[in-house]
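Asker: Mind looking over this structure? Questions follow.
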Amino acid sequence: MADNAPLYLTDECIRSNKLLQLAKLIPAIQNAMASVSKNSDEVIQPPRTLMQIPSLSGVLLSMPAFSKNDDALACKLVTAYPGNADKGLPSILGTVLLFDPTTGKVSAIMDGTEITTWRTAAASAVATKYLHNGTAVLAILGSGTQAQSHAETLDYCFGFQQIRIWNHRFEKAQKLTEELIEKGKSAIAYQSAEECVKNADVIVTATFASSPILRGKWIKPGAHINAVGAGINHHSELDAELYQTAHIYTDTMASAKTELKGLLDLGITIQGEVGDIINGTKSAERERITVFQSLGMAVEDAVSAKLIYDEYKKIKKL
Ligand SMILES: NC(=O)C1=CN([C@@H]2O[C@H](COP(=O)(O)OP(=O)(O)OC[C@H]3O[C@@H](n4cnc5c(N)ncnc54)[C@H](O)[C@@H]3O)[C@@H](O)[C@H]2O)C=CC1
Ligand SMILES: O=C(O)C1=NCCCC1
């Protein structure tokens, strides 16, 4: 490889060299979420393009961003193909280009699946920190990639007494539960979503469900929900009653205006961005049911890619 050629970092390389560690990732994502919500030039992040391919049930997103504080300029191209599960491939596949911000030259090309997996869970952890009201029981609806990263990341941050897993295919809930138990966590698989979320303090929805899997009447007052899943229709996992009663925050209002249009058209209010709470410009009402409606932000990918690049250069002494 020529000296000035971009680095190519695969998901396997990122995993085996531990290039993306929660201890560094979570504060970086918190800073990025805060910066997005400041009226400043700290973050440049245009609305992402989202191209649907209905005949193949797939979506391709293009997500550029610049973070001044992190000196990170990047663009992620990411696809969502729910049918990949039957083909032994991840549903979410991505590639991130990291640029030298001063010249625009590509410094690294990275697989984006590890990045998407962990930065999404890190964003939910930050939202949970600012919106939750208790950390005894974590309930996760879904048992795929995001369910696993959320179980590990939220437990890393809050140390839950119990982690409950539900999936529409029970054997998959059992499989994730066994993996969590092997890692020393106290996990239980549930056949019923209602039983799974009963009295839970923090709930995660991370599925491709196109109709509600979580109902407002099942949830205890003060519970916090990280609504992560459902592809391009980001608001199909929770029922209307829940959206109508909860205090809802998102990651970026700029994307919410288009990607959550279905919710806004129902007259549902989004209180603001999680960054507003971090910055102290809005205050959380933790005694109410709160929802973090996660869309996913390009700046999260940019700061994650920069962390990986810096860590790789450090360990390889480049
Ligand atoms: N907000 C964000 O930043 C991000 C959101 N996502 C979204 O998170 C969700 C999960 O993604 P991954 O874990 O990577 O996918 P995955 O394919 O690994 O897991 C999907 C889970 O959904 C379940 N599922 C599929 N169809 C379902 C249905 N009709 N009803 C109930 N459950 C169903 C599967 O059994 C599996 O447990 C997707 O909707 C994806 O688009 C993914 C990455 C980032
Ligand atoms: O932010 C992302 O990355 C994604 N968001 C929605 C689903 C596909 C990946």
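So you can find residues: chains in the structure tokens are A, B, ... in the order shown, residues in each start at 1, and ligands are numbered from 1 in order.
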All residues within 6 Å of ligand 1 are required, counting only C-alpha atoms and all ligand atoms; please report them as a list in words.
Answerer: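 Protein and nucleic-acid residues within 6 Å of ligand 1: Pro82, Ala85, Ser91, Ile92, Thr116, Thr120, Gly142, Ser143, Gly144, Thr145, Gln146, Ala147, Asn167, His168, Ala206, Thr207, Phe208, Ala209, Ser210, Val228, Gly229, Ala230, Gly231, Ser294, Leu295 and Gly296 of chain A.
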Asker: Take the residues that were just selected and, keeping N, CA and C atoms, output them as a compact mmCIF listing (two decimals), in the first residue's frame.
Answerer:
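Printed below is again09.txt as written:
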# COMPACT_ATOMS: atom_id res chain seq x y z
N PRO A 82 -34.05 -5.33 6.00
CA PRO A 82 -34.53 -6.23 7.05
C PRO A 82 -34.46 -7.70 6.64
N ALA A 85 -31.47 -10.79 7.43
CA ALA A 85 -31.38 -11.75 8.55
C ALA A 85 -31.45 -13.18 8.01
N SER A 91 -28.62 -6.67 9.04
CA SER A 91 -29.66 -5.87 8.38
C SER A 91 -29.14 -4.49 8.03
N ILE A 92 -28.23 -3.97 8.86
CA ILE A 92 -27.68 -2.63 8.65
C ILE A 92 -26.22 -2.79 8.24
N THR A 116 -22.16 1.88 13.62
CA THR A 116 -23.60 2.10 13.77
C THR A 116 -24.14 1.35 14.99
N THR A 120 -25.17 4.02 18.21
CA THR A 120 -26.62 4.13 18.44
C THR A 120 -26.93 3.80 19.90
N GLY A 142 -36.93 -6.94 21.05
CA GLY A 142 -36.04 -7.20 19.92
C GLY A 142 -34.83 -7.94 20.45
N SER A 143 -34.19 -8.73 19.57
CA SER A 143 -33.01 -9.47 20.05
C SER A 143 -31.92 -9.53 18.98
N GLY A 144 -31.89 -8.53 18.10
CA GLY A 144 -30.87 -8.47 17.06
C GLY A 144 -29.66 -7.66 17.49
N THR A 145 -28.99 -7.07 16.51
CA THR A 145 -27.74 -6.35 16.74
C THR A 145 -27.92 -5.20 17.73
N GLN A 146 -28.93 -4.37 17.49
CA GLN A 146 -29.13 -3.22 18.37
C GLN A 146 -29.58 -3.65 19.76
N ALA A 147 -30.38 -4.70 19.83
CA ALA A 147 -30.82 -5.19 21.15
C ALA A 147 -29.58 -5.58 21.97
N ASN A 167 -38.69 -11.19 22.11
CA ASN A 167 -38.63 -11.12 20.65
C ASN A 167 -39.87 -11.81 20.09
N HIS A 168 -40.31 -11.37 18.91
CA HIS A 168 -41.51 -12.03 18.33
C HIS A 168 -41.21 -13.49 18.01
N ALA A 206 -36.12 -2.17 19.56
CA ALA A 206 -35.09 -2.24 18.51
C ALA A 206 -35.44 -3.35 17.52
N THR A 207 -36.53 -3.11 16.79
CA THR A 207 -37.03 -4.14 15.85
C THR A 207 -37.36 -3.50 14.51
N PHE A 208 -37.83 -4.32 13.59
CA PHE A 208 -38.37 -3.82 12.32
C PHE A 208 -39.89 -3.89 12.33
N ALA A 209 -40.51 -3.89 13.52
CA ALA A 209 -41.98 -4.03 13.60
C ALA A 209 -42.66 -2.86 12.90
N SER A 210 -43.62 -3.18 12.04
CA SER A 210 -44.32 -2.10 11.33
C SER A 210 -45.64 -1.73 12.01
N VAL A 228 -35.74 2.92 19.14
CA VAL A 228 -34.58 2.93 18.24
C VAL A 228 -34.92 2.42 16.85
N GLY A 229 -35.90 1.53 16.77
CA GLY A 229 -36.03 0.75 15.56
C GLY A 229 -37.12 1.15 14.60
N ALA A 230 -37.33 0.23 13.66
CA ALA A 230 -38.39 0.28 12.64
C ALA A 230 -37.99 1.00 11.37
N GLY A 231 -36.70 1.01 11.05
CA GLY A 231 -36.24 1.48 9.74
C GLY A 231 -36.66 2.88 9.41
N SER A 294 -35.01 7.87 18.75
CA SER A 294 -33.69 7.91 18.11
C SER A 294 -33.84 7.81 16.60
N LEU A 295 -33.21 8.74 15.90
CA LEU A 295 -33.21 8.67 14.43
C LEU A 295 -31.85 8.21 13.93
N GLY A 296 -30.80 8.62 14.64
CA GLY A 296 -29.42 8.35 14.20
C GLY A 296 -28.88 9.60 13.53
Asker: Kindly compile the residues surrounding ligand 2 within 10 Å, counting only C-alpha atoms and all ligand atoms, and format them as a PDB file with C-alpha atoms, in the first residue's frame.
Answerer:
ATOM      1  CA  ARG A  48     -29.490  12.957   5.430  1.00  0.00           C
ATOM      2  CA  LEU A  50     -32.894   8.572   2.488  1.00  0.00           C
ATOM      3  CA  VAL A  59     -33.122   1.744   2.045  1.00  0.00           C
ATOM      4  CA  LEU A  60     -29.880   3.608   1.303  1.00  0.00           C
ATOM      5  CA  LEU A  61     -28.931   6.624   3.424  1.00  0.00           C
ATOM      6  CA  SER A  62     -26.159   9.142   2.841  1.00  0.00           C
ATOM      7  CA  MET A  63     -24.970  10.874   6.028  1.00  0.00           C
ATOM      8  CA  LYS A  76     -21.454   7.311   6.058  1.00  0.00           C
ATOM      9  CA  LEU A  77     -23.329   5.390   3.399  1.00  0.00           C
ATOM     10  CA  VAL A  78     -25.594   2.893   5.109  1.00  0.00           C
ATOM     11  CA  THR A  79     -28.238   0.444   3.972  1.00  0.00           C
ATOM     12  CA  ALA A  80     -31.138  -1.107   5.880  1.00  0.00           C
ATOM     13  CA  TYR A  81     -32.328  -4.447   4.467  1.00  0.00           C
ATOM     14  CA  SER A  91     -29.661  -5.870   8.377  1.00  0.00           C
ATOM     15  CA  ILE A  92     -27.683  -2.626   8.651  1.00  0.00           C
ATOM     16  CA  LEU A  93     -24.527  -2.424   6.519  1.00  0.00           C
ATOM     17  CA  GLY A  94     -22.454   0.707   6.206  1.00  0.00           C
ATOM     18  CA  GLY A 112     -19.689   1.137   9.294  1.00  0.00           C
ATOM     19  CA  THR A 113     -21.572  -1.687  10.923  1.00  0.00           C
ATOM     20  CA  ILE A 115     -19.821   2.082  14.305  1.00  0.00           C
ATOM     21  CA  THR A 116     -23.604   2.098  13.772  1.00  0.00           C
ATOM     22  CA  THR A 117     -24.102  -0.701  16.286  1.00  0.00           C
ATOM     23  CA  ARG A 119     -22.832   4.715  18.517  1.00  0.00           C
ATOM     24  CA  THR A 120     -26.618   4.130  18.439  1.00  0.00           C
ATOM     25  CA  PHE A 208     -38.366  -3.823  12.321  1.00  0.00           C
ATOM     26  CA  VAL A 228     -34.578   2.929  18.242  1.00  0.00           C
ATOM     27  CA  GLY A 229     -36.031   0.745  15.556  1.00  0.00           C
ATOM     28  CA  ALA A 230     -38.390   0.279  12.642  1.00  0.00           C
ATOM     29  CA  GLY A 231     -36.243   1.480   9.742  1.00  0.00           C
ATOM     30  CA  ILE A 232     -37.527   4.472   7.829  1.00  0.00           C
ATOM     31  CA  ASN A 233     -40.856   4.534   9.617  1.00  0.00           C
ATOM     32  CA  HIS A 234     -39.247   5.414  12.937  1.00  0.00           C
ATOM     33  CA  GLU A 259     -38.585  11.546   9.277  1.00  0.00           C
ATOM     34  CA  SER A 294     -33.687   7.909  18.110  1.00  0.00           C
ATOM     35  CA  LEU A 295     -33.212   8.666  14.432  1.00  0.00           C
ATOM     36  CA  GLY A 296     -29.423   8.354  14.201  1.00  0.00           C
ATOM     37  CA  MET A 297     -27.090  11.250  13.403  1.00  0.00           C
ATOM     38  CA  ALA A 298     -24.196  11.565  10.962  1.00  0.00           C
ATOM     39  CA  VAL A 299     -22.105  13.430  13.539  1.00  0.00           C
ATOM     40  CA  GLU A 300     -22.241  10.334  15.770  1.00  0.00           C
ATOM     41  CA  ASP A 301     -20.632   8.371  12.940  1.00  0.00           C
TER      42      ASP A 301
END
Asker: Could you list, as a PyMOL selection string, every residue within 6 Å of range 181-193 of chain A, counting only C-alpha atoms and ignoring same-chain residues fewer than 6 positions away?
Answerer: chain A and resi 162-166+170+173-174
Asker: Pick out the residues sitting within 6 Å of Leu19 in chain A, and hand them over as a list in words; count only C-alpha atoms, and ignore anything fewer than 5 positions along from it in its own chain.
Answerer: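 Once the adjacent positions are removed, what remains is Ile14, Ile308 and Glu311 of chain A.
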Asker: Quick one: DSSP helix (DSSP H, G or I) residues in range 183-238 of chain A, as a VMD selection string?
Answerer: chain A and resid 193 to 197 216 to 218
